[in-house]
file model_38.cif (mmCIF, C-alpha atoms)
data_final
#
loop_
_atom_site.label_atom_id
_atom_site.label_comp_id
_atom_site.auth_asym_id
_atom_site.auth_seq_id
_atom_site.Cartn_x
_atom_site.Cartn_y
_atom_site.Cartn_z
CA MET A 14 1.50 12.26 -14.61
CA ARG A 15 1.01 12.91 -18.31
CA GLY A 16 0.56 16.13 -20.23
CA ALA A 17 -2.03 16.84 -22.91
CA ASP A 18 0.38 15.51 -25.52
CA GLY A 19 0.62 12.17 -23.71
CA ARG A 20 4.19 12.75 -22.58
CA SER A 21 5.15 12.17 -18.95
CA ARG A 22 5.89 15.22 -16.84
CA VAL A 23 8.67 15.79 -14.35
CA PRO A 24 7.12 16.22 -10.85
CA GLN A 25 6.24 19.88 -10.28
CA SER A 26 7.36 21.41 -7.00
CA ALA A 27 8.04 24.78 -5.45
CA GLN A 28 11.28 23.31 -4.09
CA THR A 29 14.49 24.27 -5.85
CA GLY A 30 16.69 21.90 -3.81
CA PRO A 31 16.43 19.45 -0.90
CA HIS A 32 13.64 20.37 1.51
CA GLU A 33 14.81 22.97 4.02
CA GLN A 34 13.26 20.97 6.86
CA LEU A 35 14.81 17.59 5.98
CA ALA A 36 17.92 18.00 8.14
CA ALA A 37 15.91 19.23 11.12
CA LEU A 38 13.42 16.38 10.75
CA ILE A 39 16.20 13.80 10.71
CA GLU A 40 17.90 15.38 13.73
CA ARG A 41 14.61 15.49 15.67
CA ARG A 42 14.09 11.76 15.09
CA ARG A 43 17.69 10.73 15.78
CA GLY A 44 17.80 7.89 18.26
CA GLN A 45 14.08 7.21 17.96
CA ASP A 46 12.81 3.88 16.70
CA PHE A 47 9.95 3.43 14.24
CA ARG A 48 7.40 1.53 16.32
CA LYS A 49 4.36 1.38 14.06
CA PRO A 50 2.95 -2.19 14.29
CA VAL A 51 3.69 -4.44 11.32
CA ALA A 52 0.55 -5.03 9.27
CA PRO A 53 -0.70 -8.64 9.48
CA TYR A 54 -0.67 -9.04 5.69
CA SER A 55 2.97 -7.93 5.60
CA ALA A 56 3.89 -10.40 8.34
CA GLU A 57 2.21 -13.26 6.47
CA ALA A 58 3.93 -12.29 3.23
CA PHE A 59 7.29 -12.19 4.97
CA LYS A 60 6.78 -15.74 6.23
CA VAL A 61 6.48 -16.87 2.60
CA PHE A 62 9.79 -15.22 1.81
CA ALA A 63 11.55 -16.52 4.93
CA ALA A 64 10.56 -20.07 4.01
CA VAL A 65 12.56 -19.91 0.77
CA CYS A 66 15.41 -17.51 1.61
CA ARG A 67 17.39 -17.73 4.82
CA PRO A 68 19.54 -15.02 6.45
CA GLY A 69 23.04 -15.08 5.01
CA ALA A 70 21.92 -16.04 1.50
CA PRO A 71 22.92 -13.58 -1.27
CA LEU A 72 19.90 -11.28 -1.45
CA ILE A 73 18.72 -8.33 -3.54
CA VAL A 74 15.71 -6.24 -2.49
CA ASP A 75 13.65 -4.51 -5.18
CA SER A 76 11.62 -1.98 -3.20
CA CYS A 77 8.22 -0.82 -4.48
CA CYS A 78 8.71 -3.00 -7.55
CA GLY A 79 5.40 -2.20 -9.27
CA VAL A 80 4.64 -4.76 -11.97
CA GLY A 81 7.85 -6.67 -11.23
CA GLU A 82 9.69 -5.89 -14.46
CA SER A 83 12.70 -4.71 -12.47
CA THR A 84 12.57 -7.84 -10.31
CA LEU A 85 12.81 -9.99 -13.43
CA HIS A 86 15.66 -7.85 -14.78
CA LEU A 87 17.62 -8.19 -11.54
CA ALA A 88 16.99 -11.93 -11.24
CA GLU A 89 18.37 -12.45 -14.73
CA ARG A 90 21.30 -10.10 -14.14
CA PHE A 91 22.23 -11.72 -10.81
CA PRO A 92 21.38 -15.43 -11.15
CA ASP A 93 23.43 -16.29 -8.06
CA HIS A 94 21.29 -14.01 -5.85
CA PHE A 95 17.73 -14.32 -4.58
CA VAL A 96 15.71 -11.27 -5.64
CA LEU A 97 12.80 -10.11 -3.50
CA GLY A 98 10.34 -7.69 -5.11
CA VAL A 99 7.82 -5.93 -2.87
CA ASP A 100 4.85 -3.76 -3.75
CA GLN A 101 1.68 -2.75 -1.92
CA SER A 102 -0.59 -2.97 -4.96
CA ALA A 103 -2.23 -6.29 -5.77
CA ASP A 104 -3.28 -4.86 -9.14
CA ARG A 105 0.28 -4.01 -10.15
CA LEU A 106 1.61 -7.36 -8.98
CA SER A 107 -1.12 -9.17 -10.93
CA ARG A 108 0.53 -7.87 -14.12
CA ALA A 109 3.98 -9.20 -13.25
CA PRO A 110 5.93 -11.37 -15.71
CA VAL A 111 6.81 -14.98 -15.02
CA LEU A 112 9.86 -14.97 -12.75
CA PRO A 113 12.73 -17.44 -12.51
CA ALA A 114 13.24 -19.61 -9.43
CA ASN A 115 15.59 -17.07 -7.82
CA ALA A 116 12.92 -14.38 -7.51
CA LEU A 117 9.76 -13.80 -5.48
CA LEU A 118 7.14 -11.04 -5.40
CA LEU A 119 5.32 -10.09 -2.21
CA ARG A 120 2.32 -7.86 -1.64
CA ALA A 121 3.25 -6.00 1.52
CA ASP A 122 3.98 -2.60 3.04
CA MET A 123 7.59 -1.83 2.14
CA ALA A 124 8.24 -0.14 5.47
CA ASP A 125 7.19 -3.36 7.22
CA ILE A 126 9.41 -5.55 5.05
CA TRP A 127 12.50 -3.41 5.64
CA ARG A 128 12.00 -3.76 9.39
CA LEU A 129 11.31 -7.49 9.21
CA LEU A 130 14.41 -8.05 7.09
CA LEU A 131 16.61 -6.17 9.55
CA ASP A 132 15.13 -7.84 12.62
CA GLY A 133 15.36 -11.23 10.90
CA GLY A 134 19.10 -10.91 10.35
CA TYR A 135 18.99 -10.40 6.58
CA ARG A 136 21.66 -8.19 5.03
CA PRO A 137 21.04 -7.63 1.31
CA ALA A 138 23.97 -7.39 -1.06
CA ARG A 139 21.98 -4.80 -3.01
CA GLN A 140 18.87 -2.68 -2.53
CA TYR A 141 17.04 -0.79 -5.26
CA MET A 142 14.59 2.11 -4.94
CA LEU A 143 13.56 2.61 -8.55
CA TYR A 144 11.26 5.55 -9.30
CA PRO A 145 9.20 5.54 -6.10
CA ASN A 146 6.49 8.19 -5.82
CA PRO A 147 8.31 11.41 -4.87
CA TRP A 148 5.36 13.37 -3.33
CA PRO A 149 6.66 16.69 -4.75
CA LYS A 150 4.57 19.19 -2.81
CA ILE A 151 6.50 20.96 -0.06
CA GLY A 152 4.05 19.77 2.58
CA GLN A 153 4.51 16.14 1.53
CA LEU A 154 8.11 15.80 2.71
CA ALA A 155 7.35 13.18 5.38
CA ARG A 156 5.82 10.88 2.72
CA ARG A 157 9.14 10.59 0.84
CA TRP A 158 11.38 7.65 1.76
CA PRO A 159 14.46 9.75 2.71
CA ALA A 160 12.33 11.60 5.27
CA HIS A 161 10.38 8.55 6.46
CA PRO A 162 11.09 7.24 10.00
CA VAL A 163 11.91 3.82 8.51
CA PHE A 164 14.79 5.16 6.40
CA PRO A 165 17.49 4.52 9.04
CA ARG A 166 16.49 0.83 8.87
CA VAL A 167 17.00 0.85 5.10
CA LEU A 168 20.52 2.17 5.57
CA ALA A 169 21.19 -0.28 8.41
CA LEU A 170 20.38 -3.20 6.09
CA GLY A 171 23.45 -2.17 4.12
CA GLY A 172 24.78 -3.35 0.80
CA VAL A 173 24.85 -1.31 -2.38
CA ILE A 174 21.77 0.95 -2.26
CA GLU A 175 20.65 2.63 -5.48
CA CYS A 176 17.93 5.25 -5.80
CA ARG A 177 16.71 6.48 -9.19
CA SER A 178 14.21 9.14 -10.23
CA ASN A 179 13.42 11.68 -12.90
CA TRP A 180 13.11 14.29 -10.10
CA ARG A 181 16.64 15.31 -9.16
CA ILE A 182 15.58 16.87 -5.86
CA TYR A 183 14.25 13.53 -4.60
CA VAL A 184 17.58 11.83 -5.29
CA GLU A 185 19.43 14.76 -3.67
CA GLU A 186 17.29 14.26 -0.56
CA PHE A 187 18.16 10.56 -0.58
CA ALA A 188 21.87 11.44 -0.71
CA LEU A 189 21.55 14.10 1.99
CA ALA A 190 19.68 11.75 4.33
CA ALA A 191 22.39 9.11 3.88
CA ARG A 192 25.10 11.63 4.71
CA LEU A 193 23.27 12.94 7.77
CA LEU A 194 22.22 9.57 9.19
CA VAL A 195 25.26 7.38 8.64
CA SER A 196 27.91 9.62 7.08
CA ARG A 197 27.81 7.62 3.85
CA ASN A 198 29.55 9.12 0.84
CA ALA A 199 26.65 9.96 -1.47
CA THR A 200 26.66 11.87 -4.73
CA VAL A 201 23.95 12.41 -7.35
CA GLU A 202 24.61 11.89 -11.03
CA ALA A 203 22.68 12.09 -14.28
CA PHE A 204 22.71 8.85 -16.25
CA VAL A 205 21.22 7.06 -19.24
CA PRO A 206 20.50 3.37 -18.64
CA GLU A 207 21.65 0.89 -21.24
CA VAL A 208 18.43 -1.07 -20.72
CA PRO A 209 15.39 0.41 -18.92
CA MET A 210 14.68 -1.56 -15.75
CA THR A 211 11.11 -0.41 -15.18
CA PRO A 212 8.13 0.85 -17.17
CA PHE A 213 8.71 4.23 -15.48
CA GLU A 214 12.28 4.38 -16.75
CA ARG A 215 11.19 3.48 -20.27
CA LYS A 216 8.37 6.06 -20.15
CA TYR A 217 10.59 8.84 -18.86
CA LEU A 218 13.26 8.17 -21.47
CA ALA A 219 10.62 8.26 -24.21
CA SER A 220 9.43 11.61 -22.85
CA GLY A 221 12.93 13.05 -23.00
CA HIS A 222 13.44 13.36 -19.25
CA ALA A 223 16.84 13.56 -17.61
CA LEU A 224 17.28 10.65 -15.18
CA PHE A 225 19.22 10.80 -11.93
CA ARG A 226 20.60 8.28 -9.47
CA CYS A 227 22.53 7.99 -6.25
CA VAL A 228 24.46 4.81 -5.51
CA LEU A 229 25.61 4.16 -1.94
CA ASP A 230 28.51 1.73 -1.85
CA PRO A 231 28.90 -0.58 1.15
CA GLU A 232 30.92 0.81 4.02
#
call {"tool": "encode", "arguments": {"input": "model_38.cif", "output": "C-alpha cells"}}
result
Amino acid sequence: MRGADGRSRVPQSAQTGPHEQLAALIERRRGQDFRKPVAPYSAEAFKVFAAVCRPGAPLIVDSCCGVGESTLHLAERFPDHFVLGVDQSADRLSRAPVLPANALLLRADMADIWRLLLDGGYRPARQYMLYPNPWPKIGQLARRWPAHPVFPRVLALGGVIECRSNWRIYVEEFALAARLLVSRNATVEAFVPEVPMTPFERKYLASGHALFRCVLDPE
C-alpha cells in the first residue's frame, strides 16, 4: 500500500500486539491435521522439483518468493545449496531474473508445497518467509501464516526459519506461534539489512520503515 506521496505505508491495524485469539486458535487445532486436498497444479509443480532435488540434499525454501529476487540472492549466497522459490502468481514469476543452476521457481500454493516437502522426506537447512502479506485487519487472523493450519508443518520441516516484515505484530505472532506449538526459543528484533533481499525490503527501507525479523534456530 502506498500513500498519496508515493511512500509505502506500514499495515494499519486496530491490534496493538499479537492477536488475542491466536493462542486459543492454536490450542483448538492442536493435534489436528491439515487435510485440504493438494491442488493438482501444486502437485505437478512439485514433481518438477523432486526430479532435480532429492531428499537429503542441502535445501533452502524461499516461501512466497514473488518475482524471485530473493531466490537469486539466496542461490548466490549459498552456492552449495539448492534453493526452491515458490509463489502462487504466474505474473510475478514471469518477471523473475535468470537463476543459476542451483535454484528453481515453482508456481504453486505454498501451503501445498510445505506439506509435500514434509511428506516427501525433505528437511530444509533454511526456510525464509520474507514480507508475506500480513492481512492486518483483526478479522483476518486466520489468513496469516502463523495462524494458518499448515504452520505446524512449516515448523516440522525444521532448519533455520526466518520471518521478516515491516509490521512488527506479524513477526511477534510468528514468534508466539513457534513458542506455543513447538516450544522454540523465538525473539523479535529490529534490523537493517546490509543488502535488501526483496523489492519489498528495498521499498520499505526507502520509505523509512522499521524492519523486524524473527530467526528460529534449529533445535
call {"tool": "resolve_selection", "arguments": {"input": "model_38.cif", "expression": "the PyMOL selection byres ((chain A and resi 99) around 7)", "output": "list in words"}}
result
Asp75, Ser76, Cys77, Cys78, Leu97, Gly98, Asp100, Gln101, Leu118, Leu119, Arg120, Ala121 and Met123 of chain A
call {"tool": "resolve_selection", "arguments": {"input": "model_38.cif", "expression": "the PyMOL selection byres ((chain A and resi 224) around 12)", "output": "PyMOL selection string"}}
result
chain A and resi 23+143-144+176-184+201-206+209+213-223+225-227
call {"tool": "resolve_selection", "arguments": {"input": "model_38.cif", "expression": "the PyMOL selection byres ((chain A and resi 70) around 9)", "output": "number ranges by chain"}}
result
A: 66-69, 71-72, 94-95, 135-137
call {"tool": "write_last_selection", "arguments": {"input": "model_38.cif", "atoms": "C-alpha atoms", "output": "compact mmCIF listing (two decimals), keeping the file's coordinate frame"}}
result
# COMPACT_ATOMS: atom_id res chain seq x y z
CA CYS A 66 15.41 -17.51 1.61
CA ARG A 67 17.39 -17.73 4.82
CA PRO A 68 19.54 -15.02 6.45
CA GLY A 69 23.04 -15.08 5.01
CA PRO A 71 22.92 -13.58 -1.27
CA LEU A 72 19.90 -11.28 -1.45
CA HIS A 94 21.29 -14.01 -5.85
CA PHE A 95 17.73 -14.32 -4.58
CA TYR A 135 18.99 -10.40 6.58
CA ARG A 136 21.66 -8.19 5.03
CA PRO A 137 21.04 -7.63 1.31
call {"tool": "closest_residue", "arguments": {"input": "model_38.cif", "among": "A:Thr84, A:Ser26, A:Thr200, A:Gln153", "to": "Pro113 in chain A", "atoms": "all atoms listed in the file"}}
result
A:Thr84
call {"tool": "residues_around", "arguments": {"input": "model_38.cif", "residues": "Asp46 in chain A", "least_positions_apart": "6", "cutoff": "10 Å", "atoms": "all atoms listed in the file", "output": "PDB file with C-alpha atoms, in the coordinates of the input"}}
result
ATOM      1  CA  PRO A 162      11.090   7.240  10.000  1.00  0.00           C
ATOM      2  CA  VAL A 163      11.910   3.820   8.510  1.00  0.00           C
ATOM      3  CA  PRO A 165      17.490   4.520   9.040  1.00  0.00           C
ATOM      4  CA  ARG A 166      16.490   0.830   8.870  1.00  0.00           C
TER       5      ARG A 166
END
call {"tool": "closest_residue", "arguments": {"input": "model_38.cif", "among": "A:Tyr141, A:Phe62, A:Phe47, A:Trp127", "to": "Met210 in chain A", "atoms": "only C-alpha atoms"}}
result
A:Tyr141
call {"tool": "atom_distance", "arguments": {"input": "model_38.cif", "atom1": "CA of Lys49 in chain A", "atom2": "CA of Phe164 in chain A"}}
result
13.5 Å
call {"tool": "atom_distance", "arguments": {"input": "model_38.cif", "atom1": "CA of His32 in chain A", "atom2": "CA of Gly152 in chain A"}}
result
9.7 Å
call {"tool": "atom_distance", "arguments": {"input": "model_38.cif", "atom1": "CA of Ala188 in chain A", "atom2": "CA of Pro145 in chain A"}}
result
15.0 Å
call {"tool": "axis_aligned_box", "arguments": {"input": "model_38.cif", "around": "range 93-102 of chain A", "padding_each_side": "6 Å", "output": "lines of an AutoDock Vina configuration file"}}
result
center_x = 11.4
center_y = -9.5
center_z = -5.0
size_x = 36.0
size_y = 25.5
size_z = 18.1
call {"tool": "closest_residue", "arguments": {"input": "model_38.cif", "among": "A:Pro149, A:Pro92, A:Pro159, A:Pro50", "to": "Leu194 in chain A", "atoms": "only C-alpha atoms"}}
result
A:Pro159
call {"tool": "closest_residue", "arguments": {"input": "model_38.cif", "among": "A:Ser21, A:Gln45, A:Ser83, A:Gln34", "to": "Leu189 in chain A", "atoms": "only C-alpha atoms"}}
result
A:Gln34
call {"tool": "closest_residue", "arguments": {"input": "model_38.cif", "among": "A:Pro212, A:Arg197, A:Ile39, A:Leu129", "to": "Gly81 in chain A", "atoms": "only C-alpha atoms"}}
result
A:Pro212
call {"tool": "closest_residue", "arguments": {"input": "model_38.cif", "among": "A:Arg90, A:Ala64, A:Pro53, A:Leu38", "to": "His161 in chain A", "atoms": "only C-alpha atoms"}}
result
A:Leu38
call {"tool": "decode", "arguments": {"input": "model_38.cif", "residues": "range 60-95 of chain A", "atoms": "C-alpha atoms", "output": "CSV table (one decimal), in the first residue's frame"}}
result
chain,number,residue,atom,x,y,z
A,60,LYS,CA,7.1,-33.3,-9.4
A,61,VAL,CA,9.4,-30.9,-11.4
A,62,PHE,CA,11.2,-30.0,-8.2
A,63,ALA,CA,11.5,-33.6,-7.0
A,64,ALA,CA,13.1,-34.6,-10.3
A,65,VAL,CA,16.1,-32.3,-9.7
A,66,CYS,CA,16.4,-32.2,-5.9
A,67,ARG,CA,16.2,-35.4,-3.8
A,68,PRO,CA,15.5,-35.7,0.0
A,69,GLY,CA,18.7,-35.3,1.9
A,70,ALA,CA,20.2,-32.7,-0.4
A,71,PRO,CA,21.1,-29.3,1.2
A,72,LEU,CA,17.9,-27.3,0.6
A,73,ILE,CA,16.7,-23.7,1.2
A,74,VAL,CA,13.0,-22.8,0.7
A,75,ASP,CA,12.1,-19.3,-0.2
A,76,SER,CA,8.4,-19.1,0.6
A,77,CYS,CA,6.1,-16.7,-1.3
A,78,CYS,CA,9.1,-15.5,-3.3
A,79,GLY,CA,7.3,-13.0,-5.5
A,80,VAL,CA,9.4,-12.1,-8.5
A,81,GLY,CA,12.3,-14.3,-7.4
A,82,GLU,CA,14.8,-11.7,-6.4
A,83,SER,CA,15.3,-13.3,-3.0
A,84,THR,CA,15.6,-16.7,-4.6
A,85,LEU,CA,18.5,-15.4,-6.7
A,86,HIS,CA,20.1,-13.7,-3.7
A,87,LEU,CA,19.9,-16.9,-1.7
A,88,ALA,CA,21.3,-19.1,-4.6
A,89,GLU,CA,24.3,-16.8,-4.9
A,90,ARG,CA,24.8,-16.6,-1.1
A,91,PHE,CA,24.6,-20.4,-0.7
A,92,PRO,CA,26.0,-22.0,-3.8
A,93,ASP,CA,26.3,-25.4,-2.1
A,94,HIS,CA,22.5,-25.5,-1.5
A,95,PHE,CA,19.6,-25.9,-3.8
